[in-house]
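**Student:** So that you have it, the file is final.pdb, and it contains PDB, C-alpha atoms:
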ATOM      1  CA  MET A   1      92.956  97.302  57.145
ATOM      2  CA  GLN A   2      92.628  99.931  59.847
ATOM      3  CA  ASN A   3      95.028  99.514  62.769
ATOM      4  CA  PHE A   4      93.790 101.250  65.894
ATOM      5  CA  GLN A   5      94.914 100.077  69.311
ATOM      6  CA  SER A   6      92.258 100.543  71.993
ATOM      7  CA  PHE A   7      94.735 100.320  74.869
ATOM      8  CA  GLU A   8      98.413 100.610  75.703
ATOM      9  CA  ILE A   9     100.130  98.590  78.394
ATOM     10  CA  ILE A  10     103.216 100.157  79.939
ATOM     11  CA  ASP A  11     105.292  97.302  81.291
ATOM     12  CA  GLY A  12     106.864  97.537  84.704
ATOM     13  CA  ASN A  13     107.905  95.399  87.623
ATOM     14  CA  TYR A  14     104.762  93.381  88.290
ATOM     15  CA  ASP A  15     106.230  92.091  91.554
ATOM     16  CA  THR A  16     105.815  95.543  93.103
ATOM     17  CA  GLY A  17     102.092  94.786  93.350
ATOM     18  CA  MET A  18     100.944  98.158  92.020
ATOM     19  CA  VAL A  19      98.984  98.885  88.845
ATOM     20  CA  LEU A  20      98.137 102.320  87.447
ATOM     21  CA  LEU A  21      95.100 102.859  85.220
ATOM     22  CA  ALA A  22      94.195 105.797  82.993
ATOM     23  CA  ASP A  23      90.776 105.163  81.454
ATOM     24  CA  HIS A  24      90.508 108.539  79.718
ATOM     25  CA  ALA A  25      94.154 109.130  78.800
ATOM     26  CA  MET A  26      93.652 110.002  75.127
ATOM     27  CA  ASN A  27      91.352 111.908  72.774
ATOM     28  CA  ARG A  28      91.934 109.715  69.694
ATOM     29  CA  LEU A  29      89.348 108.313  67.295
ATOM     30  CA  PRO A  30      89.711 105.675  64.571
ATOM     31  CA  SER A  31      89.823 107.441  61.211
ATOM     32  CA  LYS A  32      86.567 105.874  60.024
ATOM     33  CA  TYR A  33      84.680 107.968  62.583
ATOM     34  CA  GLY A  34      86.165 111.258  61.444
ATOM     35  CA  SER A  35      85.438 113.682  64.261
ATOM     36  CA  LEU A  36      81.958 112.294  65.047
ATOM     37  CA  GLY A  37      80.636 115.482  63.481
ATOM     38  CA  LEU A  38      82.256 117.679  66.126
ATOM     39  CA  PRO A  39      84.680 120.591  65.623
ATOM     40  CA  ASP A  40      88.340 119.862  66.300
ATOM     41  CA  SER A  41      88.134 122.125  69.346
ATOM     42  CA  ALA A  42      85.883 119.580  71.076
ATOM     43  CA  PHE A  43      88.821 117.184  71.278
ATOM     44  CA  LEU A  44      90.793 119.664  73.364
ATOM     45  CA  ARG A  45      88.075 119.654  76.046
ATOM     46  CA  HIS A  46      87.273 117.444  78.997
ATOM     47  CA  ILE A  47      84.356 115.940  77.073
ATOM     48  CA  ALA A  48      86.907 114.080  74.919
ATOM     49  CA  PHE A  49      89.516 112.979  77.493
ATOM     50  CA  ASP A  50      91.083 113.711  80.867
ATOM     51  CA  ILE A  51      93.545 116.485  80.157
ATOM     52  CA  GLY A  52      97.043 115.854  81.555
ATOM     53  CA  VAL A  53      96.399 112.283  82.636
ATOM     54  CA  GLU A  54      98.411 110.521  79.940
ATOM     55  CA  GLY A  55     101.573 112.467  80.728
ATOM     56  CA  LEU A  56     101.083 112.198  84.483
ATOM     57  CA  THR A  57     100.500 108.437  84.339
ATOM     58  CA  ARG A  58     103.526 107.869  82.101
ATOM     59  CA  ARG A  59     105.709 109.835  84.502
ATOM     60  CA  LEU A  60     104.421 107.946  87.536
ATOM     61  CA  ALA A  61     104.840 104.558  85.867
ATOM     62  CA  ALA A  62     108.451 105.435  84.988
ATOM     63  CA  MET A  63     109.294 106.851  88.421
ATOM     64  CA  LEU A  64     107.724 103.931  90.293
ATOM     65  CA  GLY A  65     108.701 101.212  87.825
ATOM     66  CA  VAL A  66     105.150  99.831  87.791
ATOM     67  CA  PRO A  67     102.820  98.696  85.008
ATOM     68  CA  ALA A  68     100.043 100.922  83.724
ATOM     69  CA  VAL A  69      97.152 100.574  81.292
ATOM     70  CA  LEU A  70      96.109 103.558  79.182
ATOM     71  CA  GLY A  71      92.851 103.885  77.278
ATOM     72  CA  CYS A  72      93.719 104.976  73.720
ATOM     73  CA  PHE A  73      90.297 106.145  72.495
ATOM     74  CA  SER A  74      88.224 109.203  73.300
ATOM     75  CA  ARG A  75      85.328 108.777  75.684
ATOM     76  CA  LEU A  76      83.249 110.483  72.984
ATOM     77  CA  LEU A  77      83.443 107.189  71.072
ATOM     78  CA  ILE A  78      82.579 105.002  74.066
ATOM     79  CA  ASP A  79      83.358 105.535  77.732
ATOM     80  CA  PRO A  80      85.637 102.840  79.201
ATOM     81  CA  ASN A  81      84.728 103.976  82.723
ATOM     82  CA  ARG A  82      81.093 102.928  82.353
ATOM     83  CA  GLY A  83      79.400  99.573  82.636
ATOM     84  CA  GLU A  84      78.166  97.936  79.465
ATOM     85  CA  ASP A  85      74.541  98.558  80.442
ATOM     86  CA  ASP A  86      75.076 102.181  81.486
ATOM     87  CA  PRO A  87      72.928 104.537  79.367
ATOM     88  CA  THR A  88      75.800 107.059  79.299
ATOM     89  CA  LEU A  89      78.204 104.512  77.777
ATOM     90  CA  ILE A  90      77.935 106.273  74.399
ATOM     91  CA  MET A  91      76.950 109.868  74.950
ATOM     92  CA  LYS A  92      74.560 111.709  72.631
ATOM     93  CA  ILE A  93      75.098 115.027  74.420
ATOM     94  CA  SER A  94      78.103 115.892  76.590
ATOM     95  CA  ASP A  95      78.367 119.155  78.544
ATOM     96  CA  GLY A  96      75.945 120.807  76.137
ATOM     97  CA  ALA A  97      77.674 119.522  72.991
ATOM     98  CA  ILE A  98      75.523 117.372  70.705
ATOM     99  CA  ILE A  99      77.539 114.504  69.213
ATOM    100  CA  PRO A 100      76.163 113.921  65.694
ATOM    101  CA  GLY A 101      78.144 110.711  65.165
ATOM    102  CA  ASN A 102      76.475 109.148  68.205
ATOM    103  CA  HIS A 103      72.878 110.042  67.453
ATOM    104  CA  PRO A 104      71.169 108.169  66.049
ATOM    105  CA  ILE A 105      73.186 105.008  66.607
ATOM    106  CA  THR A 106      72.185 101.491  65.607
ATOM    107  CA  ASP A 107      72.287  98.494  67.913
ATOM    108  CA  GLU A 108      74.904  96.998  65.597
ATOM    109  CA  GLU A 109      77.177 100.030  65.913
ATOM    110  CA  TRP A 110      76.721 100.091  69.695
ATOM    111  CA  GLN A 111      77.775  96.443  69.846
ATOM    112  CA  ALA A 112      80.686  97.025  67.463
ATOM    113  CA  ARG A 113      82.114  99.740  69.694
ATOM    114  CA  LEU A 114      81.842  97.459  72.726
ATOM    115  CA  ASP A 115      83.582  94.613  70.910
ATOM    116  CA  THR A 116      86.300  96.703  69.275
ATOM    117  CA  TYR A 117      87.245  99.268  71.935
ATOM    118  CA  HIS A 118      85.562  98.897  75.331
ATOM    119  CA  ARG A 119      86.016  95.151  75.870
ATOM    120  CA  PRO A 120      89.643  94.948  74.653
ATOM    121  CA  TYR A 121      90.558  97.754  77.058
ATOM    122  CA  HIS A 122      88.967  95.934  79.970
ATOM    123  CA  ARG A 123      90.615  92.659  79.013
ATOM    124  CA  ALA A 124      93.960  94.480  79.121
ATOM    125  CA  VAL A 125      93.142  95.851  82.582
ATOM    126  CA  GLU A 126      92.076  92.412  83.799
ATOM    127  CA  GLN A 127      95.209  90.740  82.434
ATOM    128  CA  THR A 128      97.537  93.395  83.872
ATOM    129  CA  ILE A 129      95.962  93.148  87.322
ATOM    130  CA  ALA A 130      96.173  89.348  87.159
ATOM    131  CA  LYS A 131      99.855  89.510  86.202
ATOM    132  CA  ALA A 132     100.536  91.803  89.184
ATOM    133  CA  SER A 133      98.861  89.349  91.568
ATOM    134  CA  THR A 134     100.734  86.156  90.683
ATOM    135  CA  SER A 135     102.581  86.237  94.025
ATOM    136  CA  GLY A 136      99.254  85.645  95.768
ATOM    137  CA  ARG A 137      99.061  89.177  97.096
ATOM    138  CA  ALA A 138      96.330  91.497  95.933
ATOM    139  CA  PRO A 139      97.789  94.344  93.874
ATOM    140  CA  LEU A 140      97.087  97.962  94.779
ATOM    141  CA  VAL A 141      95.217  99.551  91.866
ATOM    142  CA  LEU A 142      95.333 103.335  91.461
ATOM    143  CA  SER A 143      93.242 104.984  88.755
ATOM    144  CA  ILE A 144      94.230 108.468  87.550
ATOM    145  CA  HIS A 145      91.698 111.006  86.244
ATOM    146  CA  SER A 146      91.346 114.771  85.927
ATOM    147  CA  PHE A 147      88.451 117.201  86.336
ATOM    148  CA  THR A 148      87.613 120.691  85.118
ATOM    149  CA  PRO A 149      88.262 123.786  87.245
ATOM    150  CA  TYR A 150      84.678 124.978  86.708
ATOM    151  CA  TRP A 151      81.281 123.348  86.456
ATOM    152  CA  LYS A 152      78.971 125.902  84.811
ATOM    153  CA  ASP A 153      79.448 128.967  87.061
ATOM    154  CA  PHE A 154      80.843 127.074  90.038
ATOM    155  CA  ALA A 155      84.594 127.339  90.604
ATOM    156  CA  ARG A 156      85.724 124.006  91.988
ATOM    157  CA  PRO A 157      87.992 124.685  94.975
ATOM    158  CA  TRP A 158      89.753 121.308  95.034
ATOM    159  CA  HIS A 159      93.214 120.778  93.618
ATOM    160  CA  ALA A 160      92.760 117.021  93.786
ATOM    161  CA  ALA A 161      90.189 114.549  95.055
ATOM    162  CA  VAL A 162      89.894 110.922  96.046
ATOM    163  CA  LEU A 163      86.867 108.973  94.808
ATOM    164  CA  TRP A 164      85.748 105.728  96.367
ATOM    165  CA  ASP A 165      82.798 103.454  97.035
ATOM    166  CA  SER A 166      83.082 101.670 100.388
ATOM    167  CA  ASP A 167      86.598 100.179 100.461
ATOM    168  CA  ASP A 168      88.383 102.868 102.461
ATOM    169  CA  ARG A 169      91.666 101.020 102.986
ATOM    170  CA  PRO A 170      93.795 103.138 100.610
ATOM    171  CA  VAL A 171      91.481 106.152 100.818
ATOM    172  CA  LEU A 172      92.077 107.341 104.362
ATOM    173  CA  PRO A 173      95.897 107.230 104.204
ATOM    174  CA  LEU A 174      95.876 108.779 100.731
ATOM    175  CA  LEU A 175      93.687 111.673 101.878
ATOM    176  CA  SER A 176      95.912 112.189 104.916
ATOM    177  CA  MET A 177      99.160 112.214 102.920
ATOM    178  CA  LEU A 178      97.777 114.520 100.230
ATOM    179  CA  ARG A 179      96.536 117.000 102.849
ATOM    180  CA  GLU A 180      99.560 116.811 105.149
ATOM    181  CA  PRO A 181     101.691 119.531 103.436
ATOM    182  CA  GLY A 182      98.771 121.959 103.778
ATOM    183  CA  ASP A 183      99.257 123.575 100.362
ATOM    184  CA  ILE A 184      96.323 122.033  98.460
ATOM    185  CA  VAL A 185      92.604 121.465  98.953
ATOM    186  CA  VAL A 186      91.719 117.793  98.625
ATOM    187  CA  GLY A 187      88.175 116.594  98.080
ATOM    188  CA  ASP A 188      86.676 113.421  99.476
ATOM    189  CA  ASN A 189      84.264 112.036  96.854
ATOM    190  CA  GLU A 190      84.215 115.456  95.207
ATOM    191  CA  PRO A 191      83.420 116.672  92.590
ATOM    192  CA  TYR A 192      81.868 113.256  91.908
ATOM    193  CA  ASP A 193      80.766 110.289  93.992
ATOM    194  CA  GLY A 194      83.081 107.320  93.507
ATOM    195  CA  ALA A 195      80.311 104.730  93.777
ATOM    196  CA  LEU A 196      79.327 103.937  90.188
ATOM    197  CA  LYS A 197      77.919 100.528  89.359
ATOM    198  CA  GLY A 198      79.808  98.838  86.552
ATOM    199  CA  ASP A 199      82.665 101.328  86.242
ATOM    200  CA  THR A 200      86.326 100.303  86.095
ATOM    201  CA  MET A 201      86.919 100.274  89.850
ATOM    202  CA  TYR A 202      83.643  98.441  90.512
ATOM    203  CA  ARG A 203      84.338  95.808  87.872
ATOM    204  CA  HIS A 204      88.015  95.103  88.475
ATOM    205  CA  CYS A 205      88.451  95.935  92.168
ATOM    206  CA  MET A 206      85.223  96.099  94.181
ATOM    207  CA  ILE A 207      83.861  92.744  92.987
ATOM    208  CA  PRO A 208      87.100  90.741  93.563
ATOM    209  CA  GLY A 209      88.035  92.664  96.739
ATOM    210  CA  ILE A 210      91.201  94.334  95.459
ATOM    211  CA  PRO A 211      92.437  97.479  97.296
ATOM    212  CA  HIS A 212      92.031 100.491  95.055
ATOM    213  CA  THR A 213      91.146 104.120  94.737
ATOM    214  CA  LEU A 214      90.609 106.732  92.066
ATOM    215  CA  LEU A 215      92.557 109.988  92.182
ATOM    216  CA  GLU A 216      91.315 113.084  90.379
ATOM    217  CA  VAL A 217      93.665 116.034  89.722
ATOM    218  CA  ARG A 218      92.309 119.360  88.476
ATOM    219  CA  GLN A 219      93.195 119.540  84.800
ATOM    220  CA  ASP A 220      94.640 123.058  84.795
ATOM    221  CA  LEU A 221      97.283 121.866  87.269
ATOM    222  CA  ILE A 222      98.560 119.118  84.931
ATOM    223  CA  GLY A 223      97.907 120.748  81.568
ATOM    224  CA  ASP A 224     101.596 121.218  80.723
ATOM    225  CA  ASP A 225     104.913 119.458  81.304
ATOM    226  CA  ALA A 226     105.773 121.512  84.370
ATOM    227  CA  GLY A 227     102.481 120.640  86.020
ATOM    228  CA  MET A 228     102.770 116.964  85.170
ATOM    229  CA  ASP A 229     106.320 116.883  86.527
ATOM    230  CA  ALA A 230     105.303 118.617  89.755
ATOM    231  CA  TRP A 231     102.363 116.310  90.393
ATOM    232  CA  ALA A 232     104.340 113.182  89.547
ATOM    233  CA  LYS A 233     106.958 114.245  92.108
ATOM    234  CA  ARG A 234     104.197 114.929  94.649
ATOM    235  CA  LEU A 235     102.391 111.644  94.089
ATOM    236  CA  ALA A 236     105.235 109.152  93.585
ATOM    237  CA  PRO A 237     106.394 109.037  97.241
ATOM    238  CA  ILE A 238     102.769 108.896  98.422
ATOM    239  CA  PHE A 239     102.006 105.953  96.148
ATOM    240  CA  THR A 240     105.209 104.251  97.293
ATOM    241  CA  SER A 241     104.179 104.654 100.912
ATOM    242  CA  LEU A 242     100.712 103.255 100.232
ATOM    243  CA  ASN A 243     102.167 100.283  98.405
ATOM    244  CA  ALA A 244     104.411  99.436 101.356
ATOM    245  CA  ASP A 245     101.393  98.801 103.611
ATOM    246  CA  PRO A 246     100.690  95.038 103.796
ATOM    247  CA  LYS A 247      97.003  95.726 104.490
ATOM    248  CA  LEU A 248      96.750  97.201 100.997
ATOM    249  CA  HIS A 249      97.662  93.849  99.476
ATOM    250  CA  GLU A 250      94.882  91.765 101.011
ATOM    251  CA  TYR A 251      91.756  90.595  99.249
ATOM    252  CA  ARG A 252      88.656  91.782 101.074
ATOM    253  CA  ILE A 253      85.224  92.267  99.567
ATOM    254  CA  PHE A 254      83.259  95.313 100.698
ATOM    255  CA  PRO A 255      79.551  95.793  99.911
ATOM    256  CA  SER A 256      78.995  98.442  97.250
ATOM    257  CA  ARG A 257      76.883 101.493  98.004
ATOM    258  CA  THR A 258      75.321 100.941  94.553
ATOM    259  CA  GLY A 259      73.609  97.726  95.652
ATOM    260  CA  PRO A 260      74.208  93.969  95.407
ATOM    261  CA  TYR A 261      76.885  92.618  93.110
ATOM    262  CA  PRO A 262      75.734  90.701  90.037
ATOM    263  CA  ALA A 263      75.308  86.968  90.513
ATOM    264  CA  VAL A 264      78.192  84.936  89.146
TER
END
If you convert what's in this file into structure tokens, what do you get?

**Tutor:**
Amino acid sequence: MQNFQSFEIIDGNYDTGMVLLADHAMNRLPSKYGSLGLPDSAFLRHIAFDIGVEGLTRRLAAMLGVPAVLGCFSRLLIDPNRGEDDPTLIMKISDGAIIPGNHPITDEEWQARLDTYHRPYHRAVEQTIAKASTSGRAPLVLSIHSFTPYWKDFARPWHAAVLWDSDDRPVLPLLSMLREPGDIVVGDNEPYDGALKGDTMYRHCMIPGIPHTLLEVRQDLIGDDAGMDAWAKRLAPIFTSLNADPKLHEYRIFPSRTGPYPAV
């Protein structure tokens, strides 16, 4: 019997009202999938996971004493930060790399990956958020990701970026505090737009009206222990300050820029 855990929950003080998420923390695959037909080098790239995010999230959870949920499977298997009906949920080609183990793929295998990896991860996120909201306050949910320093020939100038849809409650203070020292360039919905129908923030935060944001850090800045330590020390007091704001613990539903929410 194969034992592969699709998520890891780091316990913390749920009464703090903060939850950290790391959708793309790991590059692991269940052994039955081998390497999906890819060279081992593919699993050291951004196409497989968000480099540096596991270590950064573990450090932040320990420093802040808050719970966190880590995705334990590579996004090459199935992407936890996509809705179930998103055509990019299981990628056939990623950044020019063809993924033989994903193409062709049967409907049965597609469903099996949803049932075995994607859905258990999201149940863990849902349960952790619910546990952090038992006091009646909305928890503050912060999702940690990383991005590549280059896209094709374009050198991305940002050191970090904040992604969001339309709930700007944590966004504006987070942008201000990140920029205040003046030593880094911080993007606002760069290098991606934070409005993505069905993704983790949409599903667990936008629909129920929970304050949230997604923070991207450039992967070369957190690719080793020194970088992870430095960014954890930079971010921990900022996250603490955000969490102390009562307005960031109120339920309030904002309309999504992606369109109407699904009917209940």

**Student:** Need to verify the contact set: stretch 228-241 of chain A, 8 Å, all atoms listed in the file, exclusion of same-chain residues closer than 6 positions in sequence. Can you return it as a PyMOL selection string?

**Tutor:** chain A and resi 52+55-56+59-60+63-64+174+177-178+221-222

**Student:** Report the distance between atom CA of A:Ala97 and atom CA of A:His24 in Å, rounded to one decimal place.

**Tutor:**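 Interatomic distance here is 18.2 Å.
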
**Student:** For the structure provided, state which residues fall under the PyMOL selection byres ((chain A and resi 70) around 10), and present them as a list in words.

**Tutor:**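 When the PyMOL selection byres ((chain A and resi 70) around 10) is applied, the selected residues are Ser6, Phe7, Glu8, Ile9, Ile10, Leu20, Leu21, Ala22, Asp23, His24, Ala25, Met26, Val53, Glu54, Thr57, Arg58, Ala68, Val69, Gly71, Cys72, Phe73, Tyr121, Ala124, Val125 and Ile144 of chain A.
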
**Student:** Starting from the shown file, work through the PyMOL selection byres ((chain A and resi 149) around 10) and note down what comes out as a PyMOL selection string.

**Tutor:** chain A and resi 146-148+150-152+154-159+217-221

**Student:** Could you tell me how far atom CA of A:Pro139 lies from atom CA of A:Asp79, in Å and to one decimal?

**Tutor:**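 Between atom CA of A:Pro139 and atom CA of A:Asp79 the gap works out to 24.4 Å.
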
**Student:** Step by step, work through what the PyMOL selection byres ((chain A and resi 47) around 9) selects in the shown file, and finish by giving those residues as a list in words.

**Tutor:** Ala42, Phe43, Leu44, Arg45, His46, Ala48, Phe49, Asp50, Ser74, Arg75, Leu76, Ser94, Asp95 and Ala97 of chain A

**Student:** In Å to one decimal, how far is atom CA of A:Ile78 from atom CA of A:Gln127?

**Tutor:**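 It comes out at 20.8 Å.
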
**Student:** Choose the residue, out of A:Gly198, A:Pro173, A:Gly136, A:Gly227, that has the smallest atom-to-atom separation from A:Asp85; count all atoms listed in the file.

**Tutor:**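 Residue with the minimum atom-to-atom distance to A:Asp85: A:Gly198.
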
**Student:** Closest to A:Asp193 among A:His145, A:His212, A:Arg257, A:His249, using all atoms listed in the file?

**Tutor:** A:Arg257

**Student:** For each of A:Leu77, A:Ala132, A:Leu29, A:Ile93, take the minimum atom-to-atom distance to A:Ala112, counting all atoms listed in the file, then give the residue where this is smallest.

**Tutor:** A:Leu77

**Student:** Of the residues A:Gln111, A:Gly34, A:Gly17, A:Arg28, which is the one nearest to A:Glu250, using all atoms listed in the file?

**Tutor:**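 Of A:Gln111, A:Gly34, A:Gly17, A:Arg28, the one nearest A:Glu250 is A:Gly17, counting all atoms listed in the file.
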
**Student:** Need the shell around A:Arg82: protein/DNA/RNA residues with any atom at most 9 Å away, counting all atoms listed in the file. Skip same-chain ones fewer than 4 positions apart. Format as a VMD selection string?

**Tutor:** chain A and resid 78 86 to 89 196 to 200

**Student:** Which is closer to A:Ala160 than all the others in A:His204, A:Arg137, A:Ala195, A:Leu214, using all atoms listed in the file?

**Tutor:** A:Leu214

**Student:** Could you work out an axis-aligned box for stretch 257-262 of chain A, taking every atom the file lists and adding 4 Å on each side, and report centre and edge lengths in Å to one decimal, as JSON?

**Tutor:**
{"center_x": 75.2, "center_y": 96.1, "center_z": 94.0, "size_x": 11.3, "size_y": 18.8, "size_z": 16.0}

**Student:** Applying 7 Å and all atoms listed in the file, which residues near A:Tyr14 remain after dropping the ones on its own chain fewer than 5 positions away? List them as a list in words.

**Tutor:**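 Answer for this query is Val66, Pro67, Lys131 and Ala132 of chain A.
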
**Student:** Using only C-alpha atoms, which residue out of A:Gly101, A:Leu114, A:Leu142, A:Glu109 lies closest to A:Pro80?

**Tutor:** A:Leu114
